[in-house]
Amino acid sequence: MRLTTRLLAASALAVSGTLALVAPAGAQDAATVERAAAIRDAALSRNIALDYVTQITTRFGARPAGSHSEQQAAAWAAGYMREHGFQNVRIEQFPLVGWERGEESAAVLGDHPQRLVVAALGHSPGTNGVIEAEVVRFETLEALNAAPAGSLAGKIAYVDPGQMVRMQDGSGYGPLTRIRGAGPAAAAAKGAVAFVIRSVGSDEHRMPHTGTTRYVDGVVPLPGFALAAPDADQLSRLIAMGGPVRISLSSTAHTYQTVSQNVVGEITGATRPHEVIVLGSHMDSWDLGTGAIDDAAGGAITLAAAKTIAESGRRPARTVRVVLYGSEEVDQPTNTGNGGGAYLRGIGSEVENHIIAGESDFGADRIYALGLPPGAQGSDFAKAAGRVLYPIGVLPSADPELHGGADIGPLAGAGVPVFGLNQDGTRYFDLHHTADDTLDKIDPAQMSQNVAAWAALVWLIADSDVDFRAMRPAAQAAH
Ligand SMILES: [Zn+2]
């Protein structure tokens, strides 16, 4: 707290003219904050991130979890890190059940046959030929769960909760992924032979959004499909016109045993290298697009931020570690935590020296808010960070950051504080998990703003002795 008080004072010097408040303080801290502003501006004027995201999406295309493509991309990314001055670069493998989409199709049967645009849901089994059956529509998962036992015997369960609500913070997504995850098991429990969900996305295109479904007791019991939004509207209208509607579904998807891997590299701290700040994102993508926004962009942003810090003329006191996590997108028969879980198991007791972790996994559009761990918001550190980030449009979030995302979630669960640099997700779910997730959707200027925010914030943490665990309110410090 002592240091951060001086950080606050020093920041007033660094961004003089924006929000200057307090008298000058220690030269060391003033230098840290001044350098944060310089690092921020350096990141804005270059575009290192664009090089990485262009190369990885162009060289490897889609990078499904555990695929040869993901493995090759990981090896290439490790080389990229070494080339760009990262230290202790390593690849850490872990076993994975992979999933491969095969051929898939769907159609309305009867007097006026119509093709439907679908995508099999990740980790759902194939159909073993063609399923032809009557569709029963539900608007909610609760309604499906409330259907009488056996009432869906030989039928296809179809859940259409309506279009996803478009929100800047992406909060429309969570309630619908719950249906995607739990739907197949819920449908199987009523005797259904397949599960169809209205594609989880905010667009109005015939571009279905895939995504993982959930294992229950080690299995995904039914083939599951996402139905593109206009096709979902069409099917729902047909059902509303009365009379049974029959459709066909086929998929040759299958699972296989493979390995995935985390790629780790760091800018080693100058004076306290054992104190680690983790910058996370994921290497894998869905198979339909090239995974530019989900999540090559996150790797690009975090790598570029660390590189900008490394090239600022002085290494920070603490270590900045970039982790490109493997296989974030898929559920597994047993809960291993995928790349995030493998990383946590790998570091063992070193977790105590993890100062904080952050994750970039929401595209590349501009960052608008900073969420800090409980107790840190409103602190002197937060005020210093606020002054450095305000000029690029990043304001303090009203809510503390508690859990991070899927990659750093296991670290958060083990007591590591997390931060969030919240991106504008207004258009993210138009593209997410679709064939349209491609490089052209990245706006280089907005991606640079991301790098600037990450680089400046991470520098402030890495070159200070700010201790987020000590700031945690007593009620949450049970760890
Ligand atoms: Zn992602």
# chains A, B, ... in the order shown; residues from 1 in each chain; ligands from 1
$ select_by_dssp --residues "region 9-231 of chain A" --states "helix (DSSP H, G or I)" --output "PyMOL selection string"
chain A and resi 9-14+27-44+48-60+68-83+141-146+174-189+229-231
$ residues_around --residues "region 250-256 of chain A" --least-positions-apart "3" --cutoff "12 Å" --atoms "only C-alpha atoms" --output "PDB file with N, CA, C and O atoms, in the first residue's frame"
ATOM      1  N   ALA A  65      -8.858 -28.264 -31.022  1.00  0.00           N
ATOM      2  CA  ALA A  65      -8.172 -28.788 -29.843  1.00  0.00           C
ATOM      3  C   ALA A  65      -7.629 -30.195 -30.105  1.00  0.00           C
ATOM      4  O   ALA A  65      -8.370 -31.091 -30.498  1.00  0.00           O
ATOM      5  N   GLY A  66      -6.345 -30.368 -29.895  1.00  0.00           N
ATOM      6  CA  GLY A  66      -5.724 -31.682 -30.024  1.00  0.00           C
ATOM      7  C   GLY A  66      -5.414 -32.095 -31.453  1.00  0.00           C
ATOM      8  O   GLY A  66      -4.847 -33.170 -31.675  1.00  0.00           O
ATOM      9  N   SER A  67      -5.735 -31.243 -32.426  1.00  0.00           N
ATOM     10  CA  SER A  67      -5.495 -31.603 -33.833  1.00  0.00           C
ATOM     11  C   SER A  67      -4.017 -31.428 -34.187  1.00  0.00           C
ATOM     12  O   SER A  67      -3.257 -30.761 -33.479  1.00  0.00           O
ATOM     13  N   PRO A  95      -2.695 -35.063 -22.156  1.00  0.00           N
ATOM     14  CA  PRO A  95      -3.591 -35.890 -22.969  1.00  0.00           C
ATOM     15  C   PRO A  95      -4.943 -35.222 -23.171  1.00  0.00           C
ATOM     16  O   PRO A  95      -5.391 -34.445 -22.330  1.00  0.00           O
ATOM     17  N   LEU A  96      -5.572 -35.549 -24.301  1.00  0.00           N
ATOM     18  CA  LEU A  96      -6.859 -34.925 -24.610  1.00  0.00           C
ATOM     19  C   LEU A  96      -7.694 -35.879 -25.456  1.00  0.00           C
ATOM     20  O   LEU A  96      -7.164 -36.610 -26.289  1.00  0.00           O
ATOM     21  N   VAL A  97      -8.999 -35.857 -25.228  1.00  0.00           N
ATOM     22  CA  VAL A  97      -9.917 -36.493 -26.165  1.00  0.00           C
ATOM     23  C   VAL A  97     -10.270 -35.440 -27.215  1.00  0.00           C
ATOM     24  O   VAL A  97     -10.854 -34.404 -26.891  1.00  0.00           O
ATOM     25  N   GLY A  98      -9.845 -35.693 -28.453  1.00  0.00           N
ATOM     26  CA  GLY A  98     -10.128 -34.763 -29.538  1.00  0.00           C
ATOM     27  C   GLY A  98     -11.472 -35.081 -30.188  1.00  0.00           C
ATOM     28  O   GLY A  98     -12.092 -36.118 -29.901  1.00  0.00           O
ATOM     29  N   TRP A  99     -11.902 -34.189 -31.053  1.00  0.00           N
ATOM     30  CA  TRP A  99     -13.202 -34.372 -31.743  1.00  0.00           C
ATOM     31  C   TRP A  99     -13.060 -33.867 -33.168  1.00  0.00           C
ATOM     32  O   TRP A  99     -12.477 -32.811 -33.397  1.00  0.00           O
ATOM     33  N   GLU A 100     -13.549 -34.658 -34.098  1.00  0.00           N
ATOM     34  CA  GLU A 100     -13.486 -34.266 -35.505  1.00  0.00           C
ATOM     35  C   GLU A 100     -14.880 -34.236 -36.107  1.00  0.00           C
ATOM     36  O   GLU A 100     -15.618 -35.227 -36.037  1.00  0.00           O
ATOM     37  N   ARG A 101     -15.210 -33.090 -36.687  1.00  0.00           N
ATOM     38  CA  ARG A 101     -16.438 -32.986 -37.455  1.00  0.00           C
ATOM     39  C   ARG A 101     -16.261 -33.815 -38.727  1.00  0.00           C
ATOM     40  O   ARG A 101     -15.187 -33.847 -39.318  1.00  0.00           O
ATOM     41  N   GLY A 102     -17.296 -34.474 -39.154  1.00  0.00           N
ATOM     42  CA  GLY A 102     -17.220 -35.156 -40.437  1.00  0.00           C
ATOM     43  C   GLY A 102     -18.113 -34.426 -41.425  1.00  0.00           C
ATOM     44  O   GLY A 102     -18.043 -33.213 -41.561  1.00  0.00           O
ATOM     45  N   GLU A 103     -18.957 -35.174 -42.092  1.00  0.00           N
ATOM     46  CA  GLU A 103     -19.971 -34.579 -42.967  1.00  0.00           C
ATOM     47  C   GLU A 103     -21.258 -34.484 -42.160  1.00  0.00           C
ATOM     48  O   GLU A 103     -21.556 -35.352 -41.338  1.00  0.00           O
ATOM     49  N   GLU A 104     -22.010 -33.433 -42.420  1.00  0.00           N
ATOM     50  CA  GLU A 104     -23.255 -33.268 -41.669  1.00  0.00           C
ATOM     51  C   GLU A 104     -24.306 -32.642 -42.570  1.00  0.00           C
ATOM     52  O   GLU A 104     -23.978 -31.921 -43.512  1.00  0.00           O
ATOM     53  N   SER A 105     -25.570 -32.979 -42.292  1.00  0.00           N
ATOM     54  CA  SER A 105     -26.642 -32.383 -43.078  1.00  0.00           C
ATOM     55  C   SER A 105     -27.941 -32.456 -42.289  1.00  0.00           C
ATOM     56  O   SER A 105     -28.064 -33.232 -41.333  1.00  0.00           O
ATOM     57  N   ALA A 106     -28.885 -31.627 -42.714  1.00  0.00           N
ATOM     58  CA  ALA A 106     -30.214 -31.631 -42.089  1.00  0.00           C
ATOM     59  C   ALA A 106     -31.219 -31.129 -43.112  1.00  0.00           C
ATOM     60  O   ALA A 106     -30.875 -30.334 -43.985  1.00  0.00           O
ATOM     61  N   ALA A 107     -32.447 -31.620 -43.016  1.00  0.00           N
ATOM     62  CA  ALA A 107     -33.480 -31.187 -43.958  1.00  0.00           C
ATOM     63  C   ALA A 107     -34.857 -31.395 -43.340  1.00  0.00           C
ATOM     64  O   ALA A 107     -35.054 -32.295 -42.522  1.00  0.00           O
ATOM     65  N   LEU A 116     -31.772 -27.571 -44.251  1.00  0.00           N
ATOM     66  CA  LEU A 116     -31.516 -26.732 -43.073  1.00  0.00           C
ATOM     67  C   LEU A 116     -30.009 -26.631 -42.874  1.00  0.00           C
ATOM     68  O   LEU A 116     -29.282 -27.607 -43.081  1.00  0.00           O
ATOM     69  N   VAL A 117     -29.548 -25.445 -42.462  1.00  0.00           N
ATOM     70  CA  VAL A 117     -28.100 -25.256 -42.266  1.00  0.00           C
ATOM     71  C   VAL A 117     -27.755 -25.514 -40.793  1.00  0.00           C
ATOM     72  O   VAL A 117     -28.234 -24.805 -39.900  1.00  0.00           O
ATOM     73  N   VAL A 118     -26.961 -26.541 -40.569  1.00  0.00           N
ATOM     74  CA  VAL A 118     -26.605 -26.944 -39.202  1.00  0.00           C
ATOM     75  C   VAL A 118     -25.096 -27.104 -39.065  1.00  0.00           C
ATOM     76  O   VAL A 118     -24.376 -27.250 -40.050  1.00  0.00           O
ATOM     77  N   ALA A 119     -24.646 -27.099 -37.825  1.00  0.00           N
ATOM     78  CA  ALA A 119     -23.276 -27.497 -37.494  1.00  0.00           C
ATOM     79  C   ALA A 119     -23.363 -28.418 -36.286  1.00  0.00           C
ATOM     80  O   ALA A 119     -24.056 -28.097 -35.311  1.00  0.00           O
ATOM     81  N   ALA A 120     -22.691 -29.572 -36.362  1.00  0.00           N
ATOM     82  CA  ALA A 120     -22.676 -30.465 -35.204  1.00  0.00           C
ATOM     83  C   ALA A 120     -22.019 -29.748 -34.026  1.00  0.00           C
ATOM     84  O   ALA A 120     -21.093 -28.949 -34.208  1.00  0.00           O
ATOM     85  N   LEU A 121     -22.516 -29.995 -32.837  1.00  0.00           N
ATOM     86  CA  LEU A 121     -21.927 -29.413 -31.632  1.00  0.00           C
ATOM     87  C   LEU A 121     -20.685 -30.206 -31.243  1.00  0.00           C
ATOM     88  O   LEU A 121     -20.653 -31.445 -31.373  1.00  0.00           O
ATOM     89  N   GLY A 122     -19.679 -29.510 -30.774  1.00  0.00           N
ATOM     90  CA  GLY A 122     -18.415 -30.132 -30.409  1.00  0.00           C
ATOM     91  C   GLY A 122     -18.601 -31.277 -29.420  1.00  0.00           C
ATOM     92  O   GLY A 122     -19.349 -31.161 -28.461  1.00  0.00           O
ATOM     93  N   HIS A 123     -17.928 -32.377 -29.705  1.00  0.00           N
ATOM     94  CA  HIS A 123     -17.919 -33.581 -28.881  1.00  0.00           C
ATOM     95  C   HIS A 123     -19.235 -34.344 -28.891  1.00  0.00           C
ATOM     96  O   HIS A 123     -19.412 -35.292 -28.118  1.00  0.00           O
ATOM     97  N   SER A 124     -20.154 -33.943 -29.775  1.00  0.00           N
ATOM     98  CA  SER A 124     -21.342 -34.788 -29.879  1.00  0.00           C
ATOM     99  C   SER A 124     -21.043 -35.943 -30.827  1.00  0.00           C
ATOM    100  O   SER A 124     -20.283 -35.808 -31.778  1.00  0.00           O
ATOM    101  N   PRO A 125     -21.610 -37.127 -30.546  1.00  0.00           N
ATOM    102  CA  PRO A 125     -21.350 -38.300 -31.375  1.00  0.00           C
ATOM    103  C   PRO A 125     -22.019 -38.171 -32.742  1.00  0.00           C
ATOM    104  O   PRO A 125     -22.914 -37.354 -32.930  1.00  0.00           O
ATOM    105  N   GLY A 126     -21.598 -38.988 -33.683  1.00  0.00           N
ATOM    106  CA  GLY A 126     -22.236 -39.036 -34.994  1.00  0.00           C
ATOM    107  C   GLY A 126     -23.589 -39.710 -34.915  1.00  0.00           C
ATOM    108  O   GLY A 126     -24.002 -40.209 -33.857  1.00  0.00           O
ATOM    109  N   THR A 127     -24.286 -39.718 -36.048  1.00  0.00           N
ATOM    110  CA  THR A 127     -25.656 -40.254 -36.054  1.00  0.00           C
ATOM    111  C   THR A 127     -25.730 -41.714 -36.518  1.00  0.00           C
ATOM    112  O   THR A 127     -26.826 -42.288 -36.482  1.00  0.00           O
ATOM    113  N   ASN A 128     -24.609 -42.307 -36.943  1.00  0.00           N
ATOM    114  CA  ASN A 128     -24.672 -43.693 -37.442  1.00  0.00           C
ATOM    115  C   ASN A 128     -25.695 -43.827 -38.554  1.00  0.00           C
ATOM    116  O   ASN A 128     -26.654 -44.583 -38.433  1.00  0.00           O
ATOM    117  N   GLY A 129     -25.529 -43.093 -39.609  1.00  0.00           N
ATOM    118  CA  GLY A 129     -26.529 -43.077 -40.672  1.00  0.00           C
ATOM    119  C   GLY A 129     -27.407 -41.849 -40.532  1.00  0.00           C
ATOM    120  O   GLY A 129     -27.004 -40.876 -39.902  1.00  0.00           O
ATOM    121  N   VAL A 130     -28.593 -41.909 -41.102  1.00  0.00           N
ATOM    122  CA  VAL A 130     -29.483 -40.741 -41.095  1.00  0.00           C
ATOM    123  C   VAL A 130     -30.605 -40.967 -40.088  1.00  0.00           C
ATOM    124  O   VAL A 130     -31.245 -42.018 -40.081  1.00  0.00           O
ATOM    125  N   ILE A 131     -30.815 -39.967 -39.245  1.00  0.00           N
ATOM    126  CA  ILE A 131     -31.951 -39.990 -38.324  1.00  0.00           C
ATOM    127  C   ILE A 131     -33.102 -39.252 -38.997  1.00  0.00           C
ATOM    128  O   ILE A 131     -32.916 -38.133 -39.493  1.00  0.00           O
ATOM    129  N   GLU A 132     -34.277 -39.865 -39.048  1.00  0.00           N
ATOM    130  CA  GLU A 132     -35.475 -39.164 -39.536  1.00  0.00           C
ATOM    131  C   GLU A 132     -36.527 -39.279 -38.439  1.00  0.00           C
ATOM    132  O   GLU A 132     -36.901 -40.389 -38.059  1.00  0.00           O
ATOM    133  N   ALA A 133     -36.973 -38.142 -37.939  1.00  0.00           N
ATOM    134  CA  ALA A 133     -37.914 -38.195 -36.810  1.00  0.00           C
ATOM    135  C   ALA A 133     -38.682 -36.886 -36.687  1.00  0.00           C
ATOM    136  O   ALA A 133     -38.292 -35.858 -37.258  1.00  0.00           O
ATOM    137  N   VAL A 193     -33.844 -38.958 -29.681  1.00  0.00           N
ATOM    138  CA  VAL A 193     -32.774 -39.585 -30.450  1.00  0.00           C
ATOM    139  C   VAL A 193     -31.721 -38.575 -30.922  1.00  0.00           C
ATOM    140  O   VAL A 193     -30.645 -38.963 -31.386  1.00  0.00           O
ATOM    141  N   ALA A 194     -32.046 -37.278 -30.824  1.00  0.00           N
ATOM    142  CA  ALA A 194     -31.087 -36.238 -31.183  1.00  0.00           C
ATOM    143  C   ALA A 194     -31.528 -34.924 -30.549  1.00  0.00           C
ATOM    144  O   ALA A 194     -32.679 -34.793 -30.101  1.00  0.00           O
ATOM    145  N   PHE A 195     -30.600 -33.968 -30.526  1.00  0.00           N
ATOM    146  CA  PHE A 195     -30.843 -32.667 -29.912  1.00  0.00           C
ATOM    147  C   PHE A 195     -30.459 -31.567 -30.902  1.00  0.00           C
ATOM    148  O   PHE A 195     -29.395 -31.617 -31.521  1.00  0.00           O
ATOM    149  N   VAL A 196     -31.344 -30.577 -31.055  1.00  0.00           N
ATOM    150  CA  VAL A 196     -31.061 -29.427 -31.919  1.00  0.00           C
ATOM    151  C   VAL A 196     -31.304 -28.163 -31.110  1.00  0.00           C
ATOM    152  O   VAL A 196     -32.302 -28.056 -30.391  1.00  0.00           O
ATOM    153  N   VAL A 219     -20.112 -39.222 -20.730  1.00  0.00           N
ATOM    154  CA  VAL A 219     -20.573 -39.368 -22.122  1.00  0.00           C
ATOM    155  C   VAL A 219     -21.394 -38.161 -22.577  1.00  0.00           C
ATOM    156  O   VAL A 219     -22.013 -37.472 -21.769  1.00  0.00           O
ATOM    157  N   VAL A 220     -21.351 -37.938 -23.894  1.00  0.00           N
ATOM    158  CA  VAL A 220     -22.331 -37.069 -24.546  1.00  0.00           C
ATOM    159  C   VAL A 220     -23.334 -38.024 -25.168  1.00  0.00           C
ATOM    160  O   VAL A 220     -23.017 -38.739 -26.121  1.00  0.00           O
ATOM    161  N   LEU A 222     -26.193 -37.935 -26.920  1.00  0.00           N
ATOM    162  CA  LEU A 222     -26.932 -37.803 -28.182  1.00  0.00           C
ATOM    163  C   LEU A 222     -26.168 -36.938 -29.174  1.00  0.00           C
ATOM    164  O   LEU A 222     -25.456 -36.023 -28.776  1.00  0.00           O
ATOM    165  N   PRO A 223     -26.379 -37.171 -30.467  1.00  0.00           N
ATOM    166  CA  PRO A 223     -25.889 -36.205 -31.456  1.00  0.00           C
ATOM    167  C   PRO A 223     -26.572 -34.855 -31.223  1.00  0.00           C
ATOM    168  O   PRO A 223     -27.782 -34.805 -30.999  1.00  0.00           O
ATOM    169  N   GLY A 224     -25.770 -33.776 -31.286  1.00  0.00           N
ATOM    170  CA  GLY A 224     -26.321 -32.437 -31.074  1.00  0.00           C
ATOM    171  C   GLY A 224     -25.942 -31.519 -32.224  1.00  0.00           C
ATOM    172  O   GLY A 224     -24.861 -31.643 -32.798  1.00  0.00           O
ATOM    173  N   PHE A 225     -26.848 -30.609 -32.570  1.00  0.00           N
ATOM    174  CA  PHE A 225     -26.649 -29.724 -33.722  1.00  0.00           C
ATOM    175  C   PHE A 225     -27.053 -28.297 -33.372  1.00  0.00           C
ATOM    176  O   PHE A 225     -28.050 -28.085 -32.675  1.00  0.00           O
ATOM    177  N   ILE A 247     -37.882 -34.056 -39.557  1.00  0.00           N
ATOM    178  CA  ILE A 247     -36.626 -33.633 -40.196  1.00  0.00           C
ATOM    179  C   ILE A 247     -35.642 -34.805 -40.232  1.00  0.00           C
ATOM    180  O   ILE A 247     -35.816 -35.802 -39.513  1.00  0.00           O
ATOM    181  N   VAL A 259      -3.082 -35.579 -28.009  1.00  0.00           N
ATOM    182  CA  VAL A 259      -2.464 -34.713 -27.006  1.00  0.00           C
ATOM    183  C   VAL A 259      -2.649 -33.267 -27.434  1.00  0.00           C
ATOM    184  O   VAL A 259      -2.747 -32.951 -28.610  1.00  0.00           O
ATOM    185  N   VAL A 330     -13.076 -27.134 -25.620  1.00  0.00           N
ATOM    186  CA  VAL A 330     -13.812 -28.398 -25.585  1.00  0.00           C
ATOM    187  C   VAL A 330     -14.004 -28.942 -24.177  1.00  0.00           C
ATOM    188  O   VAL A 330     -13.135 -28.813 -23.323  1.00  0.00           O
ATOM    189  N   ASP A 331     -15.147 -29.569 -23.972  1.00  0.00           N
ATOM    190  CA  ASP A 331     -15.367 -30.295 -22.725  1.00  0.00           C
ATOM    191  C   ASP A 331     -14.680 -31.656 -22.834  1.00  0.00           C
ATOM    192  O   ASP A 331     -14.342 -32.114 -23.932  1.00  0.00           O
ATOM    193  N   GLN A 332     -14.447 -32.296 -21.708  1.00  0.00           N
ATOM    194  CA  GLN A 332     -13.768 -33.592 -21.653  1.00  0.00           C
ATOM    195  C   GLN A 332     -14.585 -34.557 -20.783  1.00  0.00           C
ATOM    196  O   GLN A 332     -15.335 -34.127 -19.912  1.00  0.00           O
ATOM    197  N   PRO A 333     -14.403 -35.870 -21.025  1.00  0.00           N
ATOM    198  CA  PRO A 333     -15.170 -36.866 -20.252  1.00  0.00           C
ATOM    199  C   PRO A 333     -14.910 -36.759 -18.750  1.00  0.00           C
ATOM    200  O   PRO A 333     -15.795 -36.996 -17.933  1.00  0.00           O
TER     201      PRO A 333
END
$ residues_near_ligand --ligand "ligand 1" --cutoff "6 Å" --atoms "only C-alpha atoms and all ligand atoms" --output "compact mmCIF listing (two decimals) with all heavy atoms, in the first residue's frame"
# COMPACT_ATOMS: atom_id res chain seq x y z
N ASP A 294 -11.24 -15.68 -32.04
CA ASP A 294 -11.33 -16.65 -30.93
C ASP A 294 -10.36 -17.81 -31.22
O ASP A 294 -10.76 -18.79 -31.82
CB ASP A 294 -12.76 -17.15 -30.79
CG ASP A 294 -12.94 -18.02 -29.56
OD1 ASP A 294 -12.07 -18.02 -28.68
OD2 ASP A 294 -13.98 -18.70 -29.47
N ASP A 295 -9.08 -17.69 -30.80
CA ASP A 295 -8.57 -16.62 -29.96
C ASP A 295 -7.13 -16.30 -30.33
O ASP A 295 -6.32 -16.00 -29.48
CB ASP A 295 -8.69 -17.04 -28.49
CG ASP A 295 -8.19 -15.96 -27.52
OD1 ASP A 295 -8.23 -14.79 -27.90
OD2 ASP A 295 -7.74 -16.32 -26.43
N ASP A 361 -9.60 -13.16 -24.24
CA ASP A 361 -10.33 -14.17 -25.02
C ASP A 361 -11.72 -13.64 -25.39
O ASP A 361 -12.73 -14.27 -25.11
CB ASP A 361 -10.44 -15.47 -24.20
CG ASP A 361 -11.07 -16.59 -25.02
OD1 ASP A 361 -11.20 -16.44 -26.25
OD2 ASP A 361 -11.45 -17.62 -24.44
$ select_by_dssp --residues "region 111-174 of chain A" --states "strand (DSSP E or B)" --output "list of chain:residue names"
A:Gln114, A:Arg115, A:Leu116, A:Val118, A:Ala119, A:Ala120, A:Gly122, A:Val130, A:Ile131, A:Glu132, A:Ala133, A:Glu134, A:Val135, A:Val136, A:Arg137, A:Phe138, A:Ile156, A:Ala157, A:Tyr158, A:Val159
$ write_last_selection --atoms "C-alpha atoms" --output "tab-separated table (two decimals), in the first residue's frame"
chain	number	residue	atom	x	y	z
A	114	GLN	CA	-36.05	-28.02	-47.46
A	115	ARG	CA	-32.40	-28.04	-46.56
A	116	LEU	CA	-31.52	-26.73	-43.07
A	118	VAL	CA	-26.60	-26.94	-39.20
A	119	ALA	CA	-23.28	-27.50	-37.49
A	120	ALA	CA	-22.68	-30.46	-35.20
A	122	GLY	CA	-18.42	-30.13	-30.41
A	130	VAL	CA	-29.48	-40.74	-41.09
A	131	ILE	CA	-31.95	-39.99	-38.32
A	132	GLU	CA	-35.47	-39.16	-39.54
A	133	ALA	CA	-37.91	-38.19	-36.81
A	134	GLU	CA	-40.54	-35.75	-35.62
A	135	VAL	CA	-39.30	-32.55	-33.99
A	136	VAL	CA	-40.63	-31.38	-30.62
A	137	ARG	CA	-39.96	-27.72	-29.88
A	138	PHE	CA	-39.21	-26.19	-26.48
A	156	ILE	CA	-35.83	-34.98	-31.88
A	157	ALA	CA	-35.72	-32.38	-29.11
A	158	TYR	CA	-35.41	-28.83	-30.45
A	159	VAL	CA	-34.78	-25.88	-28.10
$ closest_atom_pairs --of "region 378-450 of chain A" --to "region 270-277 of chain A" --cutoff "12 Å" --atoms "only C-alpha atoms" --output "Markdown table"
| residue | atom | partner | partner_atom | distance |
| --- | --- | --- | --- | --- |
| A:Ile408 | CA | A:Ile277 | CA | 11.5 |
| A:Leu411 | CA | A:Ile277 | CA | 11.4 |
| A:Val416 | CA | A:Ile277 | CA | 9.9 |
| A:Pro417 | CA | A:Ile277 | CA | 10.0 |
| A:Val418 | CA | A:Ile277 | CA | 9.7 |
| A:Phe419 | CA | A:Ile277 | CA | 10.6 |
$ closest_residue --among "A:Gly363, A:Gly201, A:Gly162, A:Gly378" --to "Gln446 (chain A)" --atoms "only C-alpha atoms"
A:Gly363
$ closest_residue --among "A:Gly154, A:Gly348, A:Gly85, A:Gly172" --to "Thr268 (chain A)" --atoms "only C-alpha atoms"
A:Gly85
$ residues_around --residues "Thr302 (chain A)" --least-positions-apart "2" --cutoff "9 Å" --atoms "only C-alpha atoms" --output "list of chain:residue names"
A:Ala49, A:Leu279, A:Gly280, A:Ser281, A:Ala297, A:Gly298, A:Gly299, A:Ala300, A:Ala304, A:Ala305, A:Ala306, A:Lys307, A:Val322, A:Val323, A:Glu359, A:Ser360, A:Asn450, A:Val451, A:Trp454, A:Ala455
$ closest_residue --among "A:Val351, A:Met447, A:Leu370, A:Ala30" --to "Gly413 (chain A)" --atoms "only C-alpha atoms"
A:Val351
$ residues_around --residues "Ala414 (chain A)" --least-positions-apart "2" --cutoff "12 Å" --atoms "only C-alpha atoms" --output "VMD selection string"
chain A and resid 340 to 341 343 to 345 347 to 354 356 to 357 402 to 403 408 to 412 416 to 418 469 477 to 479
$ closest_residue --among "A:Val394, A:Phe86, A:Gly291, A:Ser236" --to "Asp160 (chain A)" --atoms "only C-alpha atoms"
A:Ser236
